[in-house]
Structures are given as C-alpha cells and as structure tokens.
Amino acid sequence: MPTIEIPPSIRTVLVLEDNFIIAMDAEEILKSIGISDVQIATNADQAMKLITAQSFDFIMLDVNLEDETSFAVADAILARGLCFGFTSGYGDAEIFPAHLRGIPRIDKPFNESSIGNLIATATRR
C-alpha cells in the first residue's frame with residue numbers, strides 16, 4: 001500500500017459526521033495516517049461551537065446530516081479561511097451550492113488513501 005503523504009502542518013482535524021460508526025471509522029483512519037488530534041461533531045451546531053472555540057488544521061464535513069446539510073458550516077469555515085473538504089454518500093454535485101462545488105470531496109465509503117488525498121488536495125487549494 002502506498003504511503004499517504006499529508007502536510008506535516010495538519011495535526012488537528014474536526015470531523016462533522018452524524019453517523020457514529022462512520023465518525024469512529026474516520027477517526028481511526030485519520031489517526032492511522034498521522035493525525036494526532038481528532039475531534040468529532042455529530043451535528044452542525046456542535047461543529048460550529050467547536051470551530052468557534054478552537055483551531056483546526058483541517059475539517060471534514062459530511063454533506064447530509066439527518067434533516068440538514070453541512071453547507072452553512074462550510075460557509076462559516078470559508079469565512080474564517082479554514083481548510084476543509086466534504087464527504088458524501090451521494091455523487092450528485094448539483095445538490096451543492098455553486099460556490100461550494102469546487103471544494104474537494106470524496107465519496108463514502110472512504111479509506112486511508114481517499115482521506116489522505118482529500119486533505120492533500122484541500123491544502124493545495
């Protein structure tokens with residue numbers, strides 16, 4: 001398996017994911033590729049509180065969160081100039097607002113390679 005190369009500056013990651021099993025899987029994958037601190041938010045409000053309270057080097061946003069999307073969180077992240085990418089179980093780009101269609105994203109299920117590539121691509125933007 002090829003080595004995943006993420007920038008050494010990426011050490012703290014927030015994962016916004018409403019499915020607990022998927023969130024735990026993401027945390028395990030992130031730690032396996034060298035991320036030292038992973039925080040999990042299960043809804044948009046929780047994510048916004050964490051983003052306001054602390055600094056993150058990268059943020060992974062699940063697009064669909066039960067009865068809402070993460071697009072408002074994405075807008076807040078953009079306003080703060082933070083680095084992020086989307087994860088989605090849906091391949092349809094049309095659900096994304098036009099200004100968010102260029103943000104890197106990966107499809108679920110994800111793995112070490114896809115998450116590593118998401119982080120690398122997003123940090124090069």
# chains A, B, ... in the order shown; residues from 1 in each chain; ligands from 1
call {"tool": "select_by_dssp", "arguments": {"residues": "chain A", "states": "strand (DSSP E or B)", "output": "ChimeraX atom specification"}}
result
/A:12-16,37-41,58-62,64-65,68-69,84-88,105-107
call {"tool": "write_last_selection", "arguments": {"atoms": "C-alpha atoms", "output": "CSV table (one decimal), in the first residue's frame"}}
result
chain,number,residue,atom,x,y,z
A,12,THR,CA,-5.8,18.7,14.4
A,13,VAL,CA,-8.9,17.6,12.4
A,14,LEU,CA,-12.6,18.1,13.1
A,15,VAL,CA,-14.9,15.5,11.6
A,16,LEU,CA,-18.6,16.5,11.2
A,37,ASP,CA,-5.9,15.1,17.4
A,38,VAL,CA,-9.3,14.2,16.0
A,39,GLN,CA,-12.5,15.9,17.3
A,40,ILE,CA,-16.0,14.7,16.3
A,41,ALA,CA,-19.1,16.7,15.9
A,58,PHE,CA,-8.5,20.6,8.6
A,59,ILE,CA,-12.2,19.9,8.8
A,60,MET,CA,-14.1,17.0,7.1
A,61,LEU,CA,-17.8,17.7,6.6
A,62,ASP,CA,-20.4,15.1,5.8
A,64,ASN,CA,-26.1,15.2,4.7
A,65,LEU,CA,-26.8,15.5,8.4
A,68,GLU,CA,-30.0,19.3,7.2
A,69,THR,CA,-26.8,19.7,5.2
A,84,PHE,CA,-11.8,21.7,4.6
A,85,GLY,CA,-13.3,19.1,2.4
A,86,PHE,CA,-16.6,17.2,2.0
A,87,THR,CA,-17.5,13.6,2.4
A,88,SER,CA,-20.7,12.3,0.9
A,105,ARG,CA,-14.8,16.0,-1.7
A,106,ILE,CA,-14.7,12.2,-1.5
A,107,ASP,CA,-17.4,9.6,-1.6
call {"tool": "residues_around", "arguments": {"residues": "range 91-102 of chain A", "least_positions_apart": "5", "cutoff": "9 Å", "atoms": "only C-alpha atoms", "output": "PyMOL selection string"}}
result
chain A and resi 63+71+74-75+107
call {"tool": "closest_residue", "arguments": {"among": "A:Ile35, A:Ala47, A:Ile77, A:Ala53", "to": "Pro7 in chain A", "atoms": "only C-alpha atoms"}}
result
A:Ile35
call {"tool": "residues_around", "arguments": {"residues": "Leu30 in chain A", "least_positions_apart": "2", "cutoff": "10 Å", "atoms": "only C-alpha atoms", "output": "ChimeraX atom specification"}}
result
/A:11-13,15,24-28,32-38,111-112,115-116
call {"tool": "select_by_dssp", "arguments": {"residues": "chain A", "states": "alpha helix (DSSP H)", "output": "NGL selection string"}}
result
:A and (20-32 or 44-53 or 71-80 or 112-124)
call {"tool": "closest_residue", "arguments": {"among": "A:Glu66, A:Glu5, A:Phe56, A:Lys31", "to": "Asp18 in chain A", "atoms": "only C-alpha atoms"}}
result
A:Glu66
call {"tool": "closest_residue", "arguments": {"among": "A:Ile22, A:Ile51, A:Val73, A:Ile6", "to": "Ala122 in chain A", "atoms": "only C-alpha atoms"}}
result
A:Ile6
call {"tool": "closest_residue", "arguments": {"among": "A:Leu118, A:Cys83, A:Ala72, A:Ile103", "to": "Ser55 in chain A", "atoms": "only C-alpha atoms"}}
result
A:Cys83
call {"tool": "decode", "arguments": {"residues": "range 82-112 of chain A", "atoms": "N, CA, C and O atoms", "output": "short mmCIF file (atom, residue, chain, number, x, y, z; two decimals), in the first residue's frame"}}
result
data_model
loop_
_atom_site.label_atom_id
_atom_site.label_comp_id
_atom_site.auth_asym_id
_atom_site.auth_seq_id
_atom_site.Cartn_x
_atom_site.Cartn_y
_atom_site.Cartn_z
N LEU A 82 -10.51 28.68 6.75
CA LEU A 82 -10.00 27.39 7.18
C LEU A 82 -10.03 26.38 6.04
O LEU A 82 -10.81 26.50 5.11
N CYS A 83 -9.22 25.37 6.16
CA CYS A 83 -9.09 24.32 5.15
C CYS A 83 -10.08 23.19 5.44
O CYS A 83 -10.13 22.71 6.57
N PHE A 84 -10.84 22.78 4.41
CA PHE A 84 -11.82 21.72 4.62
C PHE A 84 -12.14 20.98 3.34
O PHE A 84 -11.76 21.40 2.25
N GLY A 85 -12.83 19.87 3.51
CA GLY A 85 -13.33 19.09 2.39
C GLY A 85 -14.59 18.37 2.80
O GLY A 85 -14.90 18.26 3.99
N PHE A 86 -15.32 17.89 1.80
CA PHE A 86 -16.58 17.20 2.04
C PHE A 86 -16.44 15.70 1.89
O PHE A 86 -15.63 15.22 1.11
N THR A 87 -17.30 14.98 2.63
CA THR A 87 -17.51 13.56 2.38
C THR A 87 -18.99 13.40 2.09
O THR A 87 -19.82 14.14 2.61
N SER A 88 -19.32 12.45 1.21
CA SER A 88 -20.71 12.29 0.85
C SER A 88 -21.00 10.87 0.42
O SER A 88 -20.16 10.21 -0.18
N GLY A 89 -22.20 10.44 0.73
CA GLY A 89 -22.68 9.16 0.24
C GLY A 89 -23.39 9.31 -1.09
O GLY A 89 -23.89 8.35 -1.65
N TYR A 90 -23.44 10.54 -1.59
CA TYR A 90 -24.15 10.85 -2.83
C TYR A 90 -23.17 11.49 -3.81
O TYR A 90 -22.42 12.37 -3.45
N GLY A 91 -23.19 11.06 -5.06
CA GLY A 91 -22.27 11.58 -6.05
C GLY A 91 -22.79 12.79 -6.80
O GLY A 91 -22.11 13.32 -7.67
N ASP A 92 -23.98 13.26 -6.48
CA ASP A 92 -24.62 14.32 -7.24
C ASP A 92 -24.12 15.71 -6.86
O ASP A 92 -24.45 16.24 -5.81
N ALA A 93 -23.31 16.31 -7.72
CA ALA A 93 -22.75 17.63 -7.46
C ALA A 93 -23.80 18.73 -7.48
O ALA A 93 -23.59 19.81 -6.92
N GLU A 94 -24.95 18.47 -8.10
CA GLU A 94 -25.98 19.51 -8.22
C GLU A 94 -26.60 19.88 -6.88
O GLU A 94 -27.21 20.95 -6.77
N ILE A 95 -26.47 19.03 -5.86
CA ILE A 95 -27.01 19.40 -4.55
C ILE A 95 -26.16 20.48 -3.88
O ILE A 95 -26.62 21.14 -2.97
N PHE A 96 -24.94 20.68 -4.36
CA PHE A 96 -24.05 21.67 -3.78
C PHE A 96 -24.38 23.07 -4.30
O PHE A 96 -24.59 23.24 -5.50
N PRO A 97 -24.39 24.07 -3.41
CA PRO A 97 -24.49 25.44 -3.90
C PRO A 97 -23.30 25.73 -4.83
O PRO A 97 -22.21 25.16 -4.64
N ALA A 98 -23.51 26.55 -5.81
CA ALA A 98 -22.48 26.81 -6.83
C ALA A 98 -21.13 27.18 -6.22
O ALA A 98 -20.09 26.70 -6.67
N HIS A 99 -21.13 28.00 -5.17
CA HIS A 99 -19.86 28.46 -4.60
C HIS A 99 -19.12 27.36 -3.82
O HIS A 99 -17.96 27.54 -3.47
N LEU A 100 -19.76 26.22 -3.59
CA LEU A 100 -19.10 25.13 -2.87
C LEU A 100 -18.74 23.95 -3.77
O LEU A 100 -18.13 22.99 -3.32
N ARG A 101 -19.08 24.03 -5.03
CA ARG A 101 -18.83 22.90 -5.94
C ARG A 101 -17.35 22.65 -6.19
O ARG A 101 -16.97 21.54 -6.55
N GLY A 102 -16.51 23.64 -6.00
CA GLY A 102 -15.08 23.47 -6.21
C GLY A 102 -14.33 22.94 -5.00
O GLY A 102 -13.13 22.66 -5.08
N ILE A 103 -15.01 22.81 -3.89
CA ILE A 103 -14.36 22.31 -2.66
C ILE A 103 -14.11 20.81 -2.85
O ILE A 103 -15.00 20.08 -3.27
N PRO A 104 -12.91 20.34 -2.51
CA PRO A 104 -12.62 18.91 -2.66
C PRO A 104 -13.60 18.05 -1.87
O PRO A 104 -14.04 18.43 -0.78
N ARG A 105 -13.93 16.90 -2.44
CA ARG A 105 -14.83 15.98 -1.74
C ARG A 105 -14.50 14.55 -2.14
O ARG A 105 -13.95 14.29 -3.21
N ILE A 106 -14.86 13.64 -1.24
CA ILE A 106 -14.70 12.22 -1.50
C ILE A 106 -16.04 11.53 -1.22
O ILE A 106 -16.85 12.04 -0.45
N ASP A 107 -16.21 10.40 -1.85
CA ASP A 107 -17.41 9.60 -1.63
C ASP A 107 -17.19 8.59 -0.52
O ASP A 107 -16.06 8.15 -0.29
N LYS A 108 -18.26 8.24 0.14
CA LYS A 108 -18.23 7.17 1.12
C LYS A 108 -18.49 5.87 0.37
O LYS A 108 -19.21 5.89 -0.62
N PRO A 109 -17.98 4.77 0.81
CA PRO A 109 -17.09 4.64 1.96
C PRO A 109 -15.70 5.15 1.62
O PRO A 109 -15.25 5.06 0.48
N PHE A 110 -15.04 5.73 2.61
CA PHE A 110 -13.69 6.25 2.39
C PHE A 110 -12.68 5.32 3.04
O PHE A 110 -13.02 4.40 3.76
N ASN A 111 -11.40 5.58 2.74
CA ASN A 111 -10.30 4.78 3.29
C ASN A 111 -9.10 5.69 3.50
O ASN A 111 -9.20 6.91 3.30
N GLU A 112 -7.97 5.13 3.90
CA GLU A 112 -6.77 5.92 4.17
C GLU A 112 -6.37 6.74 2.94
O GLU A 112 -6.05 7.92 3.05
#
